[in-house]
Amino acid sequence: MTKHTIISLAVACGILFGALPEVAHAQEVQITGPLAGQSSVRHMRVYREGRVQLAPFANFTLQDEFSRTIGFGATLSYHLTDWFGIGAWGFFAPIHIDTALTDQVVQTGQTTDRNALSLPQRGLFNQQIGNIDWAAALQLTFIPLRGKLSLFQKIFLDADLYISLGFGFVGVSERADVTSESGFCATAPSPTAPANDDCVATQTARASRVAPAPTFAVGLSIYANEYMALNLEWRAMPFAWNTSGTDEGGRNELGVADNSGAFPDHAISSADRAFHLNHMFIIGWSFYLPSHARISE
Amino acid sequence: MKRVFLALLMGLTLATVGATASAQDMTFGEDGDVTAEPAADGAATPPADGAAAPADSGDVIGDLASQNTDTSAQTQDSAPRITEASEEIYAVQQIYALRNGRVELSPYWSTTVNDQYVSHPAVGLGLNYWWTNVLAVGLNFNWYGGLENESDLNFHVRRSTRLAVPITEYQLGANLNFTYVPLYGKFSMFNDYIFQWDAYIVGGVGLMRTRPVAVVDPEIRTHERPEFNYQFRVAFNVGIGIRVFLTRWLAFFGELRDYAYLERLESTDVALGEARQDPSTWLASSPSLTNNVTAQLGLTVFFPFTFEYRLPR
């Protein structure tokens, strides 16, 4: 892009933005009289300020590759103001459901010399995939939007939209690290040479670890009364893990283990982990204490 | 003083019923001298006889009046108003943006949220006509060509498990849709700005032009073959969305929509010998229900830009 082009673009942008009328935002209530400076809402129920929120929930992971996680947990928060709170969030995941892709690998996956370590026996593939077992985080919660909604013009409910940012830890169980440099997992089973027991044993060997991860969420609270609300939330906890338990990476040109290295490297290791968003849908029910909500001026 | 101010304020409100100001224009003159503004129909402002509410009694109007007891004095010294302002307050606010009788044009960007193996991003354009304030009929068009890409997951699964997952490719889609708005509301941001929003459900039927992509035997099953070329399929769609108004004619929206259709996917079996060249072995024996769940983000422009409320306030 030439200097002339850049200058032209800059000038065009300047003219464009300069030409915008200097009127207030259309949805900004333009008040210049006795209502000037007043709150946009008066006599509003202050649901959060000075109150403790306990919100049990169920969470369902989204866009899972090999295993869907269903968990149960709770959020415990204290709200310093009506728009800001601090708290802890966590869940335990007792339910893991294989995805259709996992079922397909179990039914039709093939083991060759090249992927003998990745898939020693296709029927055991669902035992080598990674799972999320639990997660916990400390978080800050911002509530920038507060309002009400009408359902079929019959039911009118208070609601607010919140954003949570935090940092936590995720308990994951993955296929245990193993190296097959000695070649015990280098050949595919055949009618004359069944699968090596040592190789198959590596398929079901598990290792648990704790992965640090940031977390962020966006949610909507719909208030049933002064002290209870329905929560609908989307949350993500991005971190790298080996979801498939397969040999995906090795050492790259610099000798560093990562998943861009040569395939196969005949080892299940941290080099096989890939970054995932790990997002989920959460439905919960909040209880606020004390049970009485203050009314604003 | 409070009583006089209240009387004048109520009188002005009644006198200006039928004026063209909009429901959300809660604009008050800086001078606050409401008597200086003639009523819209030229009628004299009738005096109202009501007791002023005590301060902090819960009466909003009374409270406001009590905090501005000297506004009339201020106005006498203020300069003449350059722009016209409508000095009104309504007991019940009217709907911020009426839709009935208006046309809605919506450019948007769409991306796949449910397919692990291939994403189908698209640019799209929607056109709706609102025949009531909550019901609309319209069309939307999606263009996918050249924007699609296969995920790394597909590659890794093929390499590690020798399992090929058949995928599809889209070129375009067009649908006839009906939209219903069952839910609307407003949000206050930090008790300062107010945003009007609504949530809607949408559904319809249309056509998608798609083709299966050969991943099992791409050497033989090429796109030059009719079986792997684009064909039109009947598609149904259903979705939910939320629309946030920026002005009375401009909004942005987010939508989750599922486009479902029947696709003949590539067969995962490869016949041996001469049969490998037989087109009848290339596709799966029965069509598969294919869902393309998309997240759509875009802008909405309502035409005409302005409208008038037909019912009295």
# chains A, B, ... in the order shown; residues from 1 in each chain; ligands from 1
call {"tool": "residues_around", "arguments": {"residues": "range 62-64 of chain A", "least_positions_apart": "6", "cutoff": "7 Å", "atoms": "only C-alpha atoms", "output": "list in words"}}
result
His279, Met280 and Phe281 of chain A; Asn114 and Gln116 of chain B
call {"tool": "residues_around", "arguments": {"residues": "Val202 in chain B", "least_positions_apart": "4", "cutoff": "6 Å", "atoms": "only C-alpha atoms", "output": "list in words"}}
result
Phe178, Thr179, Val238 and Gly239 of chain B
call {"tool": "residues_around", "arguments": {"residues": "range 205-217 of chain B", "least_positions_apart": "3", "cutoff": "7 Å", "atoms": "only C-alpha atoms", "output": "ChimeraX atom specification"}}
result
/B:164,166-177,220-222,228-237,264-266,268
call {"tool": "atom_distance", "arguments": {"atom1": "CA of Phe141 in chain B", "atom2": "CA of Val301 in chain B"}}
result
16.2 Å
call {"tool": "closest_residue", "arguments": {"among": "A:Arg235, A:Arg209, A:Arg146, A:Arg175", "to": "Phe195 in chain B", "atoms": "only C-alpha atoms"}}
result
A:Arg146
call {"tool": "atom_distance", "arguments": {"atom1": "CA of Thr61 in chain A", "atom2": "CA of Phe187 in chain B"}}
result
28.7 Å
call {"tool": "closest_residue", "arguments": {"among": "A:Ser244, A:Ile163, A:Ala188, A:Leu230", "to": "Pro56 in chain A", "atoms": "only C-alpha atoms"}}
result
A:Leu230
call {"tool": "select_by_dssp", "arguments": {"residues": "range 49-268 of chain A", "states": "helix (DSSP H, G or I)", "output": "list in words"}}
result
Ala100, Leu101, Thr102, Asp103, Gln104, Val105, Val106, Gln107, Thr108, Arg122, Gly123, Leu124, Phe125, Asn126, Gln127, Asp197, Asp198, Cys199, Val200, Ala201, Thr202, Gln203 and Thr204 of chain A
call {"tool": "closest_residue", "arguments": {"among": "B:Arg225, B:Arg248, B:Arg243, B:Arg99", "to": "chain A", "atoms": "only C-alpha atoms"}}
result
B:Arg248
call {"tool": "residues_around", "arguments": {"residues": "range 277-281 of chain B", "least_positions_apart": "4", "cutoff": "9 Å", "atoms": "only C-alpha atoms", "output": "compact mmCIF listing (two decimals) with N, CA, C and O atoms, in the first residue's frame"}}
result
# COMPACT_ATOMS: atom_id res chain seq x y z
N ILE B 220 -10.40 -40.78 -7.68
CA ILE B 220 -11.41 -41.18 -8.65
C ILE B 220 -12.65 -40.29 -8.57
O ILE B 220 -13.20 -39.86 -9.58
N ARG B 221 -13.06 -39.99 -7.34
CA ARG B 221 -14.31 -39.26 -7.13
C ARG B 221 -14.04 -37.76 -7.16
O ARG B 221 -14.02 -37.09 -6.12
N ARG B 225 -16.98 -35.08 -11.74
CA ARG B 225 -18.05 -36.08 -11.88
C ARG B 225 -19.38 -35.45 -11.41
O ARG B 225 -19.40 -34.73 -10.40
N GLU B 227 -21.76 -36.65 -9.82
CA GLU B 227 -22.14 -37.05 -8.45
C GLU B 227 -21.51 -36.14 -7.40
O GLU B 227 -22.02 -36.03 -6.28
N SER B 267 -19.51 -42.33 -0.07
CA SER B 267 -19.46 -43.65 0.54
C SER B 267 -18.07 -43.84 1.16
O SER B 267 -17.05 -43.47 0.57
N ASP B 269 -16.85 -46.69 1.68
CA ASP B 269 -16.31 -47.93 1.10
C ASP B 269 -15.77 -47.65 -0.30
O ASP B 269 -16.36 -46.89 -1.07
N VAL B 270 -14.68 -48.31 -0.62
CA VAL B 270 -14.10 -48.21 -1.96
C VAL B 270 -14.13 -49.60 -2.59
O VAL B 270 -13.54 -50.54 -2.04
N ALA B 271 -14.85 -49.67 -3.68
CA ALA B 271 -14.94 -50.96 -4.36
C ALA B 271 -13.59 -51.31 -5.00
O ALA B 271 -12.81 -50.41 -5.38
N LEU B 272 -13.32 -52.58 -5.10
CA LEU B 272 -12.04 -53.02 -5.65
C LEU B 272 -12.17 -53.29 -7.15
O LEU B 272 -13.26 -53.56 -7.66
N GLY B 273 -11.06 -53.18 -7.83
CA GLY B 273 -11.03 -53.53 -9.25
C GLY B 273 -11.80 -52.53 -10.10
O GLY B 273 -11.82 -51.32 -9.83
N SER B 285 -25.54 -45.14 0.33
CA SER B 285 -26.77 -45.73 -0.21
C SER B 285 -28.00 -44.89 0.09
O SER B 285 -28.97 -44.90 -0.66
call {"tool": "residues_around", "arguments": {"residues": "range 223-227 of chain A", "least_positions_apart": "6", "cutoff": "7 Å", "atoms": "only C-alpha atoms", "output": "count of residues only"}}
result
10
call {"tool": "residues_around", "arguments": {"residues": "Ala136 in chain B", "least_positions_apart": "3", "cutoff": "8 Å", "atoms": "only C-alpha atoms", "output": "number ranges by chain"}}
result
B: 128-132, 178-180
call {"tool": "write_last_selection", "arguments": {"atoms": "all heavy atoms", "output": "PDB file, in the first residue's frame"}}
result
ATOM      1  N   ASN B 128     -36.863  -8.547   5.035  1.00  0.00           N
ATOM      2  CA  ASN B 128     -38.117  -8.868   5.713  1.00  0.00           C
ATOM      3  C   ASN B 128     -39.130  -7.758   5.505  1.00  0.00           C
ATOM      4  O   ASN B 128     -38.763  -6.577   5.442  1.00  0.00           O
ATOM      5  CB  ASN B 128     -37.899  -9.018   7.222  1.00  0.00           C
ATOM      6  CG  ASN B 128     -37.381 -10.390   7.589  1.00  0.00           C
ATOM      7  OD1 ASN B 128     -37.590 -11.359   6.862  1.00  0.00           O
ATOM      8  ND2 ASN B 128     -36.683 -10.468   8.711  1.00  0.00           N
ATOM      9  N   TYR B 129     -40.388  -8.140   5.433  1.00  0.00           N
ATOM     10  CA  TYR B 129     -41.465  -7.158   5.483  1.00  0.00           C
ATOM     11  C   TYR B 129     -42.307  -7.482   6.711  1.00  0.00           C
ATOM     12  O   TYR B 129     -42.772  -8.613   6.882  1.00  0.00           O
ATOM     13  CB  TYR B 129     -42.337  -7.207   4.223  1.00  0.00           C
ATOM     14  CG  TYR B 129     -43.540  -6.292   4.354  1.00  0.00           C
ATOM     15  CD1 TYR B 129     -43.390  -4.905   4.252  1.00  0.00           C
ATOM     16  CD2 TYR B 129     -44.806  -6.810   4.608  1.00  0.00           C
ATOM     17  CE1 TYR B 129     -44.473  -4.063   4.403  1.00  0.00           C
ATOM     18  CE2 TYR B 129     -45.894  -5.967   4.758  1.00  0.00           C
ATOM     19  CZ  TYR B 129     -45.726  -4.593   4.655  1.00  0.00           C
ATOM     20  OH  TYR B 129     -46.795  -3.765   4.828  1.00  0.00           O
ATOM     21  N   TRP B 130     -42.495  -6.488   7.566  1.00  0.00           N
ATOM     22  CA  TRP B 130     -43.250  -6.672   8.805  1.00  0.00           C
ATOM     23  C   TRP B 130     -44.693  -6.283   8.553  1.00  0.00           C
ATOM     24  O   TRP B 130     -44.989  -5.118   8.352  1.00  0.00           O
ATOM     25  CB  TRP B 130     -42.650  -5.830   9.920  1.00  0.00           C
ATOM     26  CG  TRP B 130     -41.288  -6.310  10.317  1.00  0.00           C
ATOM     27  CD1 TRP B 130     -40.095  -5.985   9.732  1.00  0.00           C
ATOM     28  CD2 TRP B 130     -40.983  -7.234  11.363  1.00  0.00           C
ATOM     29  NE1 TRP B 130     -39.068  -6.652  10.339  1.00  0.00           N
ATOM     30  CE2 TRP B 130     -39.582  -7.416  11.361  1.00  0.00           C
ATOM     31  CE3 TRP B 130     -41.741  -7.931  12.309  1.00  0.00           C
ATOM     32  CZ2 TRP B 130     -38.946  -8.265  12.261  1.00  0.00           C
ATOM     33  CZ3 TRP B 130     -41.095  -8.762  13.207  1.00  0.00           C
ATOM     34  CH2 TRP B 130     -39.709  -8.922  13.174  1.00  0.00           C
ATOM     35  N   TRP B 131     -45.562  -7.287   8.566  1.00  0.00           N
ATOM     36  CA  TRP B 131     -46.964  -6.938   8.349  1.00  0.00           C
ATOM     37  C   TRP B 131     -47.690  -6.717   9.673  1.00  0.00           C
ATOM     38  O   TRP B 131     -48.779  -6.199   9.714  1.00  0.00           O
ATOM     39  CB  TRP B 131     -47.667  -7.923   7.431  1.00  0.00           C
ATOM     40  CG  TRP B 131     -48.181  -9.181   8.047  1.00  0.00           C
ATOM     41  CD1 TRP B 131     -49.297  -9.314   8.790  1.00  0.00           C
ATOM     42  CD2 TRP B 131     -47.625 -10.472   7.938  1.00  0.00           C
ATOM     43  NE1 TRP B 131     -49.465 -10.605   9.166  1.00  0.00           N
ATOM     44  CE2 TRP B 131     -48.449 -11.357   8.647  1.00  0.00           C
ATOM     45  CE3 TRP B 131     -46.486 -10.991   7.305  1.00  0.00           C
ATOM     46  CZ2 TRP B 131     -48.187 -12.711   8.748  1.00  0.00           C
ATOM     47  CZ3 TRP B 131     -46.236 -12.339   7.405  1.00  0.00           C
ATOM     48  CH2 TRP B 131     -47.074 -13.179   8.121  1.00  0.00           C
ATOM     49  N   THR B 132     -47.126  -7.100  10.791  1.00  0.00           N
ATOM     50  CA  THR B 132     -47.561  -6.594  12.093  1.00  0.00           C
ATOM     51  C   THR B 132     -46.282  -6.225  12.832  1.00  0.00           C
ATOM     52  O   THR B 132     -45.184  -6.380  12.307  1.00  0.00           O
ATOM     53  CB  THR B 132     -48.343  -7.646  12.912  1.00  0.00           C
ATOM     54  OG1 THR B 132     -47.425  -8.590  13.443  1.00  0.00           O
ATOM     55  CG2 THR B 132     -49.375  -8.369  12.051  1.00  0.00           C
ATOM     56  N   PHE B 178     -40.314 -16.879   7.946  1.00  0.00           N
ATOM     57  CA  PHE B 178     -41.283 -16.175   8.770  1.00  0.00           C
ATOM     58  C   PHE B 178     -40.640 -15.891  10.124  1.00  0.00           C
ATOM     59  O   PHE B 178     -39.974 -16.757  10.696  1.00  0.00           O
ATOM     60  CB  PHE B 178     -42.555 -17.005   8.947  1.00  0.00           C
ATOM     61  CG  PHE B 178     -43.300 -17.221   7.661  1.00  0.00           C
ATOM     62  CD1 PHE B 178     -43.009 -18.311   6.853  1.00  0.00           C
ATOM     63  CD2 PHE B 178     -44.266 -16.317   7.245  1.00  0.00           C
ATOM     64  CE1 PHE B 178     -43.674 -18.502   5.651  1.00  0.00           C
ATOM     65  CE2 PHE B 178     -44.932 -16.505   6.047  1.00  0.00           C
ATOM     66  CZ  PHE B 178     -44.642 -17.597   5.246  1.00  0.00           C
ATOM     67  N   THR B 179     -40.866 -14.690  10.617  1.00  0.00           N
ATOM     68  CA  THR B 179     -40.248 -14.272  11.869  1.00  0.00           C
ATOM     69  C   THR B 179     -41.332 -13.843  12.854  1.00  0.00           C
ATOM     70  O   THR B 179     -42.289 -13.167  12.470  1.00  0.00           O
ATOM     71  CB  THR B 179     -39.287 -13.091  11.635  1.00  0.00           C
ATOM     72  OG1 THR B 179     -38.321 -13.479  10.646  1.00  0.00           O
ATOM     73  CG2 THR B 179     -38.556 -12.708  12.911  1.00  0.00           C
ATOM     74  N   TYR B 180     -41.159 -14.238  14.101  1.00  0.00           N
ATOM     75  CA  TYR B 180     -42.103 -13.855  15.146  1.00  0.00           C
ATOM     76  C   TYR B 180     -41.313 -13.339  16.342  1.00  0.00           C
ATOM     77  O   TYR B 180     -40.291 -13.916  16.731  1.00  0.00           O
ATOM     78  CB  TYR B 180     -42.964 -15.057  15.543  1.00  0.00           C
ATOM     79  CG  TYR B 180     -43.871 -14.794  16.715  1.00  0.00           C
ATOM     80  CD1 TYR B 180     -44.827 -13.777  16.670  1.00  0.00           C
ATOM     81  CD2 TYR B 180     -43.781 -15.550  17.884  1.00  0.00           C
ATOM     82  CE1 TYR B 180     -45.653 -13.533  17.747  1.00  0.00           C
ATOM     83  CE2 TYR B 180     -44.619 -15.305  18.967  1.00  0.00           C
ATOM     84  CZ  TYR B 180     -45.548 -14.292  18.885  1.00  0.00           C
ATOM     85  OH  TYR B 180     -46.371 -14.038  19.955  1.00  0.00           O
TER      86      TYR B 180
END
call {"tool": "select_by_dssp", "arguments": {"residues": "range 69-308 of chain B", "states": "strand (DSSP E)", "output": "MDAnalysis selection string"}}
result
chainID B and resid 103:112 118:119 122:130 135:143 149:150 167:189 193:213 231:245 250:263 288:303
call {"tool": "closest_residue", "arguments": {"among": "A:Leu140, A:Val178, A:Cys199, A:Ala93", "to": "Asp272 in chain A", "atoms": "only C-alpha atoms"}}
result
A:Val178
